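See below for the structure under consideration.
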Amino acid sequence: MTFRQNGQLDTSGVSGGGGGRRRGVAIGGGVGGIAIVLIALFLGVDPSQLGLTEGGTTDQGATTESAQQIQQHIDQCDLQQANADTTCRIVATTESLEDVWTAQLPQQVGVDWIQPHTNIFTGGIDTGCGAATSAVGPFYCPADNEVYLDPSFFDDVLVQQLGGSGDGASQMYVVAHEFGHHLQTMLGDIQRSQQDPAGPSSGAVRVELQADCYAGLWAHFATGTPAPGGELPLLESLTERDVDGIIQTAEAIGDDHIQRTGGARVDPSSWTHGSSEMRRQWFLTGYREGSVQACDTFSARL
Ligand SMILES: [Zn+2]
């Protein structure tokens, strides 16, 4: 993947360590319940094992300095750095996602895209879904409509623990997947996850596979959608090799692979995200078709 070098990068949609988040979101009750489930979805782990406390707070004293450092890092990102550096790549990816969804969503669904805010943090962060640590992996919080990512996830967990790809495109797929959850929240599909939370053809799995499909849809259009005020797309290239890296990652975060890697037996009744094969397949469906309609995992036979 390559971002073009001679364009502007707007970093205003991304904050370091949760700075700039909208405060005052109600936590608790049904909303909190949904959110806590969703927080754990990326890796399919049990939130009770992750130090997640609904409505709790993180240790602000310990995270403030690094939040400032992350913010400084974000502020000086440009497109050249987005080709080399994970934090800047996340920033540029959110802008590419905004370009694609701003163009495609009204055209395909008749709905205007609302860009979610993205937070880059280390250690832990207080969110509209409660306090979360990096151990949950990248997540989307439907209570505050924001995306949360700790860049260390990519090397420390995705590559080293799960055998995913370390390529930039694979990181972009993860960001695009979280944006897929935002679209599901906009369209009212996200609650289907909690209504039917586990099993190989559960609502939870269908929600996750649809987010993979939406990530594929972004990849389909990313190199062909001009950035605002210009004729050139932000993302110059996404090669077949990049797509191979994305597929490697989609397979690495399949429930069967995660269970096997953790030394457990493969138990489809506990799946929340879908198998490696399902995740690969649905990313590719979105990538090949470029259609929101084709991402209707709720009507599909799984
Ligand atoms: Zn997800």
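Identifiers for the structure tokens are assigned positionally: chains receive A, B, ... in sequence, residues are indexed from 1 per chain, and ligands are indexed from 1 in the order shown.
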
Could you please extract the residues within 12 Å of ligand 1, counting only C-alpha atoms and all ligand atoms, and hand them back as a compact mmCIF listing (two decimals) with C-alpha atoms, in the first residue's frame?
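out_7.txt, written as the output of this step:
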```
# COMPACT_ATOMS: atom_id res chain seq x y z
CA ALA A 35 -20.87 -1.75 24.46
CA VAL A 37 -19.95 -7.02 24.51
CA LEU A 38 -18.72 -5.14 21.47
CA ILE A 39 -15.49 -4.08 23.09
CA ALA A 40 -14.43 -7.67 23.44
CA LEU A 41 -15.49 -8.67 20.00
CA PHE A 42 -12.36 -8.10 18.03
CA LEU A 43 -10.45 -10.91 19.65
CA GLY A 44 -13.37 -12.84 21.02
CA VAL A 45 -12.10 -12.80 24.55
CA VAL A 136 -9.05 -5.87 24.30
CA GLY A 137 -7.47 -5.00 20.99
CA PRO A 138 -8.84 -2.38 18.62
CA PHE A 139 -12.51 -1.66 19.23
CA TYR A 140 -15.47 0.52 18.41
CA CYS A 141 -17.71 1.93 21.15
CA PRO A 142 -21.30 2.42 19.97
CA VAL A 147 -12.91 4.03 17.39
CA TYR A 148 -10.07 3.09 19.77
CA TYR A 173 -7.98 -3.51 7.22
CA VAL A 174 -8.29 -3.52 11.01
CA VAL A 175 -9.13 0.21 11.06
CA ALA A 176 -11.61 -0.30 8.21
CA HIS A 177 -13.24 -3.18 10.15
CA GLU A 178 -13.83 -0.89 13.16
CA PHE A 179 -15.32 1.74 10.85
CA GLY A 180 -17.59 -1.02 9.61
CA HIS A 181 -19.00 -1.27 13.13
CA HIS A 182 -19.68 2.45 13.01
CA LEU A 183 -21.65 2.03 9.80
CA GLN A 184 -23.61 -0.81 11.44
CA ILE A 190 -25.17 -3.42 15.52
CA SER A 193 -24.78 -8.89 17.90
CA ALA A 204 -22.53 -11.68 16.64
CA VAL A 205 -20.69 -13.57 13.91
CA ARG A 206 -22.88 -11.99 11.22
CA VAL A 207 -22.12 -8.51 12.59
CA GLU A 208 -18.38 -9.23 12.58
CA LEU A 209 -18.38 -10.74 9.10
CA GLN A 210 -20.32 -7.76 7.81
CA ALA A 211 -17.66 -5.44 9.29
CA ASP A 212 -15.05 -7.49 7.40
CA CYS A 213 -17.13 -7.14 4.24
CA TYR A 214 -17.40 -3.38 4.72
CA ALA A 215 -13.61 -3.29 5.14
CA ALA A 250 -8.35 -12.00 8.53
CA ILE A 253 -8.19 -13.44 13.80
CA GLY A 254 -10.69 -16.17 12.96
CA ASP A 255 -12.19 -17.76 16.07
CA THR A 272 -18.26 -14.50 18.16
CA HIS A 273 -16.39 -13.45 15.00
CA GLY A 274 -16.46 -16.39 12.61
CA ARG A 279 -13.54 -13.91 7.62
```

Spatial neighbours of region 108-111 of chain A, 9 Å, only C-alpha atoms, chain gap at least 5 places, as a ChimeraX atom specification:
/A:103,187,291-293

Figure out the distance between CA of Ala252 (chain A) and CA of Leu162 (chain A), please, to one decimal in Å.
5.6 Å

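Distance check against Ser275 (chain A) using only C-alpha atoms: of A:Pro151, A:Glu251, A:Gln191, A:Gly290, the minimum falls on A:Glu251.
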
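Candidate residues A:Ala143, A:Leu238, A:Met1, A:Ala198 were compared for distance to Pro268 (chain A), and the nearest is A:Ala198, using only C-alpha atoms.
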
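Shortest atom-to-atom contact with Leu234 (chain A) among A:Ala135, A:Ala222, A:Ile120, A:Ala264: A:Ala222, counting only C-alpha atoms.
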
Expected answer as a PyMOL selection string: alpha helix (DSSP H) residues in region 97-288 of chain A
chain A and resi 97-109+152-153+168-187+192-195+203-222+240-252+255-261+276-288

Could you give me the residues within region 56-269 of chain A that DSSP places in strand (DSSP E or B), as a list of chain:residue names?
A:His117, A:Thr118, A:Asn119, A:Ile120, A:Gly124, A:Ile125, A:Asp126, A:Thr127, A:Gly130, A:Ala131, A:Ala132, A:Thr133, A:Phe139, A:Tyr140, A:Cys141, A:Glu146, A:Val147, A:Tyr148, A:Leu149, A:Pro226, A:Pro233, A:Leu235, A:Glu236, A:Ser237

Those same residues, written as a PDB file, in the first residue's frame with N, CA and C atoms?
```
ATOM      1  N   HIS A 117     -15.068   9.676  15.352  1.00  0.00           N
ATOM      2  CA  HIS A 117     -13.776  10.124  15.855  1.00  0.00           C
ATOM      3  C   HIS A 117     -12.925   8.900  16.197  1.00  0.00           C
ATOM      4  N   THR A 118     -11.616   9.021  16.011  1.00  0.00           N
ATOM      5  CA  THR A 118     -10.707   7.910  16.288  1.00  0.00           C
ATOM      6  C   THR A 118      -9.722   8.324  17.376  1.00  0.00           C
ATOM      7  N   ASN A 119      -9.484   7.408  18.312  1.00  0.00           N
ATOM      8  CA  ASN A 119      -8.554   7.644  19.421  1.00  0.00           C
ATOM      9  C   ASN A 119      -7.399   6.656  19.344  1.00  0.00           C
ATOM     10  N   ILE A 120      -6.189   7.180  19.428  1.00  0.00           N
ATOM     11  CA  ILE A 120      -5.007   6.318  19.482  1.00  0.00           C
ATOM     12  C   ILE A 120      -4.455   6.422  20.899  1.00  0.00           C
ATOM     13  N   GLY A 124      -4.248   2.129  28.648  1.00  0.00           N
ATOM     14  CA  GLY A 124      -5.667   2.061  28.940  1.00  0.00           C
ATOM     15  C   GLY A 124      -6.337   3.375  28.611  1.00  0.00           C
ATOM     16  N   ILE A 125      -7.652   3.331  28.472  1.00  0.00           N
ATOM     17  CA  ILE A 125      -8.374   4.559  28.131  1.00  0.00           C
ATOM     18  C   ILE A 125      -9.797   4.489  28.672  1.00  0.00           C
ATOM     19  N   ASP A 126     -10.285   5.632  29.073  1.00  0.00           N
ATOM     20  CA  ASP A 126     -11.665   5.750  29.552  1.00  0.00           C
ATOM     21  C   ASP A 126     -12.540   6.094  28.358  1.00  0.00           C
ATOM     22  N   THR A 127     -13.591   5.312  28.126  1.00  0.00           N
ATOM     23  CA  THR A 127     -14.426   5.505  26.940  1.00  0.00           C
ATOM     24  C   THR A 127     -15.895   5.595  27.344  1.00  0.00           C
ATOM     25  N   GLY A 130     -16.976   2.530  29.059  1.00  0.00           N
ATOM     26  CA  GLY A 130     -16.252   2.147  30.266  1.00  0.00           C
ATOM     27  C   GLY A 130     -14.753   2.193  30.026  1.00  0.00           C
ATOM     28  N   ALA A 131     -14.003   1.855  31.057  1.00  0.00           N
ATOM     29  CA  ALA A 131     -12.554   1.858  30.935  1.00  0.00           C
ATOM     30  C   ALA A 131     -12.103   0.604  30.199  1.00  0.00           C
ATOM     31  N   ALA A 132     -11.141   0.767  29.312  1.00  0.00           N
ATOM     32  CA  ALA A 132     -10.637  -0.382  28.562  1.00  0.00           C
ATOM     33  C   ALA A 132      -9.118  -0.374  28.589  1.00  0.00           C
ATOM     34  N   THR A 133      -8.540  -1.555  28.541  1.00  0.00           N
ATOM     35  CA  THR A 133      -7.086  -1.644  28.409  1.00  0.00           C
ATOM     36  C   THR A 133      -6.755  -2.110  27.000  1.00  0.00           C
ATOM     37  N   PHE A 139     -11.064  -1.498  19.077  1.00  0.00           N
ATOM     38  CA  PHE A 139     -12.509  -1.662  19.230  1.00  0.00           C
ATOM     39  C   PHE A 139     -13.257  -0.392  18.861  1.00  0.00           C
ATOM     40  N   TYR A 140     -14.548  -0.584  18.672  1.00  0.00           N
ATOM     41  CA  TYR A 140     -15.470   0.525  18.412  1.00  0.00           C
ATOM     42  C   TYR A 140     -16.457   0.579  19.559  1.00  0.00           C
ATOM     43  N   CYS A 141     -16.744   1.784  20.057  1.00  0.00           N
ATOM     44  CA  CYS A 141     -17.714   1.934  21.146  1.00  0.00           C
ATOM     45  C   CYS A 141     -18.975   2.585  20.595  1.00  0.00           C
ATOM     46  N   GLU A 146     -17.080   6.123  18.777  1.00  0.00           N
ATOM     47  CA  GLU A 146     -15.664   6.371  18.516  1.00  0.00           C
ATOM     48  C   GLU A 146     -14.895   5.068  18.372  1.00  0.00           C
ATOM     49  N   VAL A 147     -13.790   5.171  17.641  1.00  0.00           N
ATOM     50  CA  VAL A 147     -12.911   4.035  17.386  1.00  0.00           C
ATOM     51  C   VAL A 147     -11.682   4.180  18.289  1.00  0.00           C
ATOM     52  N   TYR A 148     -11.207   3.078  18.847  1.00  0.00           N
ATOM     53  CA  TYR A 148     -10.073   3.091  19.771  1.00  0.00           C
ATOM     54  C   TYR A 148      -9.023   2.083  19.328  1.00  0.00           C
ATOM     55  N   LEU A 149      -7.783   2.559  19.189  1.00  0.00           N
ATOM     56  CA  LEU A 149      -6.704   1.676  18.746  1.00  0.00           C
ATOM     57  C   LEU A 149      -5.426   1.952  19.524  1.00  0.00           C
ATOM     58  N   PRO A 226     -11.363   9.994  -5.197  1.00  0.00           N
ATOM     59  CA  PRO A 226     -10.544  11.189  -4.998  1.00  0.00           C
ATOM     60  C   PRO A 226     -10.721  11.779  -3.608  1.00  0.00           C
ATOM     61  N   PRO A 233      -6.875  10.048  -5.520  1.00  0.00           N
ATOM     62  CA  PRO A 233      -7.160   9.394  -4.239  1.00  0.00           C
ATOM     63  C   PRO A 233      -5.981   9.518  -3.280  1.00  0.00           C
ATOM     64  N   LEU A 235      -5.014   7.142  -1.301  1.00  0.00           N
ATOM     65  CA  LEU A 235      -4.273   5.886  -1.387  1.00  0.00           C
ATOM     66  C   LEU A 235      -3.955   5.622  -2.864  1.00  0.00           C
ATOM     67  N   GLU A 236      -2.648   5.571  -3.134  1.00  0.00           N
ATOM     68  CA  GLU A 236      -2.215   5.431  -4.524  1.00  0.00           C
ATOM     69  C   GLU A 236      -2.287   3.987  -4.990  1.00  0.00           C
ATOM     70  N   SER A 237      -1.890   3.075  -4.120  1.00  0.00           N
ATOM     71  CA  SER A 237      -1.894   1.673  -4.557  1.00  0.00           C
ATOM     72  C   SER A 237      -2.272   0.724  -3.430  1.00  0.00           C
TER      73      SER A 237
END
```

Calculated over only C-alpha atoms, which of the candidates A:Trp113, A:Phe298, A:Trp271, A:Phe221 has the smallest distance to Gly203 (chain A)?
A:Phe298

Counting only C-alpha atoms, what is within 10 Å of Asn6 (chain A), bar same-chain residues fewer than 4 positions away, as a PyMOL selection string?
chain A and resi 78-80+232+234

Using only C-alpha atoms, determine which residues lie at most 8 Å from Leu284 (chain A), disregarding the query and same-chain residues fewer than 4 positions distant; provide the list as an MDAnalysis selection string.
chainID A and resid 213 216 280 288

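The space separating CA of Gln281 (chain A) from CA of Trp218 (chain A) comes to 15.3 Å.
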
Given only C-alpha atoms as the counted atoms, nearest of A:Ser152, A:Ile70, A:Thr11, A:Val159 to Thr94 (chain A)
A:Thr11
